[in-house]
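Peer 1: Have a look at this one before I ask anything.
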Amino acid sequence: MLSEVLVNVAAVTALAPLIDGVERKVRARLQCRRGPPVLQTWYDLAKLFRRGGVRTGEASFTYAAAPYVVFANLVLALALMPTVFNASLSFAGDVVVLLYLITAASIFLVIGSISSGNPYAVTGSNREVSIAVASKLAVGFAVATFIIDKGSLTLRKVFPAVLPPTASAFIALASLLVVTYIESSRLPFDIPEAEPEIAGGVLIEYSGRELGVVMYSLILKRVVLTTLFIDLLIPRWAPYAPLAYIALVFAIPLAFTCIETFCGRFRIDQALSLIRGLYVVAGVGVALALIGF
Amino acid sequence: MLNESSFLLLTPIALLAASTLFSAPFKGRAGNYVSSALSTAASAVMCYVSLSTLLYNARYQLSVQLYGGGGTSPGFPSGFATLVFRVDELSAVFVMILGVVGLTSSLYGFSYIGRFVGREHIGFYGLNYSLFLLSMYAVLISYDLFWFIVFWEVMTISSQFLVSYEKGKDVAVRAGFKYFCMAKAGSEAIVVSVVMAVIALTGMNTSFEPVKAFTKGLASANPALANAIIAALFVGLSVKAALVPLHTWLPDAHPEAPSNVSALLSGVMIKTSVYMMFRLFLYFFTPTTHWGLIVATVGTVTLLAGTMYALLQTDSKRLLAFHSVGQMGYIVLALGAALTLYSMGGELPAMLASVALAASLYHAVNHALFKSLLFLTAGSVVYATGSRNLDVLGGLARAMPATSVAALIASLSISGIPPFNGFVSKWLIYSSTIPSSSILSVYGVVALFISGVTAASFVKYYTTIFSKPPRARLEGVREVPPPMIASQLILSALCLLLGVLPAVALTLVAPVLRMFNLLQYLRLAAHPAIVFIDVDGVAANSPLLLAVVVGTLALSVGLGLRTPRPPRLGVWSCGVRFDKYLMNVPGASYLKPFEEAFQSIYSFGSVLHKYFVRELSRAFMNASRRASVVIESPAVMLAAFLATALMLLAWAGGGW
């Protein structure tokens with residue numbers, strides 16, 4: 001059981017940069033570029049891990065510690081969900097823990113980033129927190145729809161045994177998919193980093209290994225969110241589940257990246273008002289679940 | 001069950017009374033030393049009393065005959081002659097809160113009050129501080145409605161003087177006045193009149209037990225009256241508990257008091273209301289679904305509004321005060337959920353009710369710890385820099401490392417990040433509400449969302465004070481003196497302890513659950529680091545385990561990639577050279593987009609404020625002005641007097 005969990009985590013952690021690499025390749029092809037090799041993200045990370053960094057004069061201990069804490073939070077979040085194999089750390093109430101770990105990752109990231117003392121980092125961090133917190137209500141509604149249906153706060157009991165048949169589950173999954181897109185900070189929601197505008201925002205001062213860990217964490221965060229969506233979609237006990245998982249964990253980001261290619265960046269207020277719209281949709285899902293649809 | 005150790009109950013009273021008397025004459029430092037030392041000792045005794053009650057089943061009861069050898073004069077409540085002190089399980093939990101927060105804030109006061117030497121009369125602080133502690137203690141231990149009211153009044157008056165302690169500051173005096181008006185006129189009039197009515201109805205028998213016998217019968221005999229009593233008391237207590245929309249005094253009053261008093265106000269005083277709500281809903285009356293839902297709804301609105309308004313604040317202590325409102329919402333939501341689920345009947349709702357009740361008490365304890373710690377850290381910043389302005393402060397983590405770590409721990413605790421204590425109690429709140437498949441599920445999700453907002457707001461609190469650069473040069477900032485560090489350290493350690501060992505806190509609140517026959521549903525784990533609750537099959541959750549896993553992962557990654565000491569460079573500002581203090585984001589701009597996205601909440605709030613608060617108070621003022629004109633004219637007064645006298649005569653004479 002535990003070894004399967006370890007294999008799960010190790011496999012997905014290793015796969016995550018590859019997913020990003022494939023995305024970059026596809027994006028390049030869509031933009032009529034040749035694009036880097038699919039392992040390019042791995043090469044980038046490996047190069048960053050080998051490099052020493054520089055720090056600002058302002059940086060306090062939170063700056064140095066934050067990337068590692070963020071990374072650990074996300075790895076633990078991965079361990080809470082079945083990925084390739086149907087195995088996960090499971091205990092009652094782990095739904096809440098999962099949501100907390102995802103939020104805590106954003107929180108620690110911005111605490112570290114602001115500690116660099118760079119005003120661009122502060123601006124980017126405010127955007128990051130705004131989006132992370134605002135989308136949490138939508139995620140909460142979506143997950144609550146399943147919790148109400150199953151009457152349990154344990155992920156393994158919340159995940160469906162068969163393809164979800166109810167209207168409320170459909171609405172919840174749809175809103176969760178949109179949140180996954182928004183939280184994975186892709187265009188048009190690439191607002192916290194916003195390279196051309198605030199020069200990387202939360203990432204601006206990080207360099208060397210710390211930058212590598214932060215970038216790896218951002219890639220992992222995408223996978224965590226995608227995994228939550230996949231686990232709520234496909235029945236984990238089906239024999240085809242491992243294959244379906246691997247197929248979807250590549251397919252969903254690829255679909256996202258196709259949308260991404262044709263988008264410019266939203267302003268933060270546009271993104272937030274979209275998230276507010278999601279509350280209504282997800283709220284309808286919860287209401288339907290409460291009356292039993 | 002009376003034993004000799006019951007005189008221990010009187011020790012804090014004696015110590016605090018002595019402190020009141022002996023600190024008052026000193027105008028200088030000595031007054032503070034007397035009051036701080038004696039209140040520290042008194043608080044330690046309070047801790048002992050409450051812990052021995054909760055852990056070793058000790059019983060303290062004491063009745064003091066004030067006069068008259070036991071005979072009661074007709075027309076007076078019998079409680080007037082005897083003073084019954086008794087610590088039962090419920091009051092013990094709150095006495096414990098008072099003891100711990102009292103201990104740390106008294107210790108903190110040793111150094112902190114030094115700020116005011118030469119500016120204010122220190123003896124006046126000592127007198128009111130001791131009296132404030134004394135009255136809170138007496139409110140919690142008096143087992144008699146009449147005396148409860150008496151000490152409740154003393155508590156309001158003494159705390160009001162502490163709020164407006166810096167009498168030279170216009171803001172402080174105004175805040176004290178507003179607090180006094182709302183607490184006194186608004187709430188206590190209601191509470192006093194209702195309690196007096198209850199006392200009259202029970203035949204002048206004011207001890208809790210006869211009152212309980214009366215109220216339990218009342219619910220079936222005269223439900224309208226029972227509901228009216230509950231409604232009036234709930235409204236009255238809501239003012240003191242700062243539940244929306246009756247919270248407006250709190251964000252003005254709490255920041256203005258000296259910081260250790262703010263810690264007591266936010267950590268303990270508003271909890272005395274919660275204590276009485278527990279008594280009201282669970283002890284005096286039997287829980288009903290409609291009251292449960294009303295309480296839960298009020299709680300949800302409170303946590304939403306309080307926390308959303310906290311985002312707007314740029315004054316460190318005012319931000320914390322708004323979070324006090326928000327966190328009270330969590331406590332009250334859990335209480336309401338417990339009432340609702342309890343009244344539903346059946347096995348599963350009873351389980352959830354036990355969890356919700358435990359969560360409510362657990363969160364009350366936790367809030368007392370992390371909120372007083374936050375106020376103490378804000379106080380340390382005021383002590384070191386003299387400023388509460390988040391727009392100006394910054395970069396103090398290097399000058400004040402101990403305070404910054406304490407503030408970080410407290411911020412993570414209130415945001416509910418594992419392994420700190422706020423995480424467990426919030427987790428229990430969600431566990432009891434979200435799976436209930438009722439409107440409570442939605443409330444639970446809102447609470448979950450607001451927990452994220454809280455985290456966002458504390459990112460602002462911590463980073464603006466401690467980690468982002470300041471907006472102006474802060475000269476000569478030094479770490480605060482040892483007593484202040486010590487009290488911050490104690491509270492930080494407790495935040496961590498109750499987070500990694502949830503069973504400790506659950507053991508402490510378990511006697512209260514036993515009192516209400518809910519304990520059999522709450523299973524305590526064999527291992528103290530794992531919370532076991534029985535929601536679906538076996539539920540387990542261990543913050544310690546989570547923390548260890550996250551910590552090890554972070555450490556191993558961190559050590560595996562250990563870099564040589566990196567060179568320090570200036571902040572990179574895209575190649576342009578800016579003035580360090582100008583190119584900076586002020587606290588007011590933090591989370592601006594988020595605030596704008598939720599503008600509707602704020603505009604709704606300001607509309608409510610306009611019509612509900614401003615217009616109402618103006619109408620009230622006008623009415624009373626007009627009434628005073630009418631009453632002061634002799635002709636009208638004489639006519640009214642005659643009419644009343646005639647009516648009374650007719651009534652006394654046996655009817656028309």
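A note on labels: chains of the structure tokens are A, B, ... as shown, every chain counts residues from 1, and ligands are counted from 1 in their shown order.
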List the neighbours of range 597-609 of chain B out to 8 Å using only C-alpha atoms; skip same-chain residues closer than 3 positions along the sequence, and give me the result as a ChimeraX atom specification.
Peer 2: /A:269,272-273,276 /B:305,309,593-594,612-614
Peer 1: Grab the residues selected above and save them as a JSON list (two decimals), in the first residue's frame with N, CA, C and O atoms.
Peer 2:
[["chain", "number", "residue", "atom", "x", "y", "z"],
["A", 269, "ASP", "N", -8.87, 41.87, -12.51],
["A", 269, "ASP", "CA", -10.28, 42.03, -12.15],
["A", 269, "ASP", "C", -11.18, 41.22, -13.08],
["A", 269, "ASP", "O", -12.21, 40.71, -12.67],
["A", 272, "LEU", "N", -11.04, 37.72, -11.81],
["A", 272, "LEU", "CA", -11.79, 37.52, -10.57],
["A", 272, "LEU", "C", -13.30, 37.55, -10.82],
["A", 272, "LEU", "O", -14.05, 36.82, -10.19],
["A", 273, "SER", "N", -13.73, 38.40, -11.78],
["A", 273, "SER", "CA", -15.17, 38.42, -12.02],
["A", 273, "SER", "C", -15.61, 37.13, -12.71],
["A", 273, "SER", "O", -16.73, 36.66, -12.49],
["A", 276, "ARG", "N", -16.03, 34.78, -9.93],
["A", 276, "ARG", "CA", -17.30, 35.05, -9.23],
["A", 276, "ARG", "C", -18.47, 34.44, -9.96],
["A", 276, "ARG", "O", -19.42, 33.96, -9.35],
["B", 305, "ALA", "N", -18.57, 38.55, 7.13],
["B", 305, "ALA", "CA", -18.44, 40.01, 7.16],
["B", 305, "ALA", "C", -17.18, 40.43, 7.91],
["B", 305, "ALA", "O", -16.42, 41.28, 7.44],
["B", 309, "TYR", "N", -14.14, 42.44, 6.02],
["B", 309, "TYR", "CA", -13.77, 43.80, 6.41],
["B", 309, "TYR", "C", -12.34, 43.88, 6.92],
["B", 309, "TYR", "O", -11.70, 44.91, 6.81],
["B", 593, "PRO", "N", -7.25, 43.94, -5.73],
["B", 593, "PRO", "CA", -8.15, 43.31, -6.71],
["B", 593, "PRO", "C", -9.18, 42.41, -6.06],
["B", 593, "PRO", "O", -10.34, 42.38, -6.48],
["B", 594, "PHE", "N", -8.77, 41.71, -5.02],
["B", 594, "PHE", "CA", -9.70, 40.82, -4.33],
["B", 594, "PHE", "C", -10.82, 41.62, -3.68],
["B", 594, "PHE", "O", -11.99, 41.28, -3.77],
["B", 612, "PHE", "N", -29.23, 51.12, 8.89],
["B", 612, "PHE", "CA", -29.44, 50.37, 10.13],
["B", 612, "PHE", "C", -28.78, 51.09, 11.30],
["B", 612, "PHE", "O", -29.37, 51.22, 12.36],
["B", 613, "VAL", "N", -27.56, 51.55, 11.10],
["B", 613, "VAL", "CA", -26.83, 52.11, 12.23],
["B", 613, "VAL", "C", -27.02, 53.62, 12.31],
["B", 613, "VAL", "O", -27.50, 54.16, 13.30],
["B", 614, "ARG", "N", -26.69, 54.31, 11.19],
["B", 614, "ARG", "CA", -26.65, 55.76, 11.29],
["B", 614, "ARG", "C", -28.05, 56.34, 11.46],
["B", 614, "ARG", "O", -28.32, 57.12, 12.37]]
Peer 1: Any idea what's packed within 7 Å of Val129 in chain A, counting only C-alpha atoms, ignoring anything in its chain fewer than 5 positions away? Could you give it as a PyMOL selection string?
Peer 2: (chain A and resi 106-107) or (chain B and resi 456)
Peer 1: Counting only C-alpha atoms, what is within 7 Å of range 131-135 of chain B, bar same-chain residues fewer than 6 positions away, as a ChimeraX atom specification?
Peer 2: /B:13,16,20,151-152,154-155,158-159
Peer 1: Could you check the closest approach to chain A for each of B:Phe466, B:Phe370, B:Phe161, B:Tyr125 and tell me which residue wins, using only C-alpha atoms?
Peer 2: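 Of all the options, B:Phe466 lies closest to chain A.
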Peer 1: Mind checking which residues fall within 12 Å of Ile149 in chain B, counting only C-alpha atoms, ignoring those fewer than 5 positions away in the same chain, and posting them as a ChimeraX atom specification?
Peer 2: /B:79-80,135-136,138-140,142-144,154-156,184,187-196,199,206,237,272-273,276
Peer 1: Given only C-alpha atoms as the basis, pick out the residue of B:Lys271, B:Lys460, B:Arg478, B:His247 nearest to chain A.
Peer 2: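 Smallest distance to chain A is found for B:Lys460.
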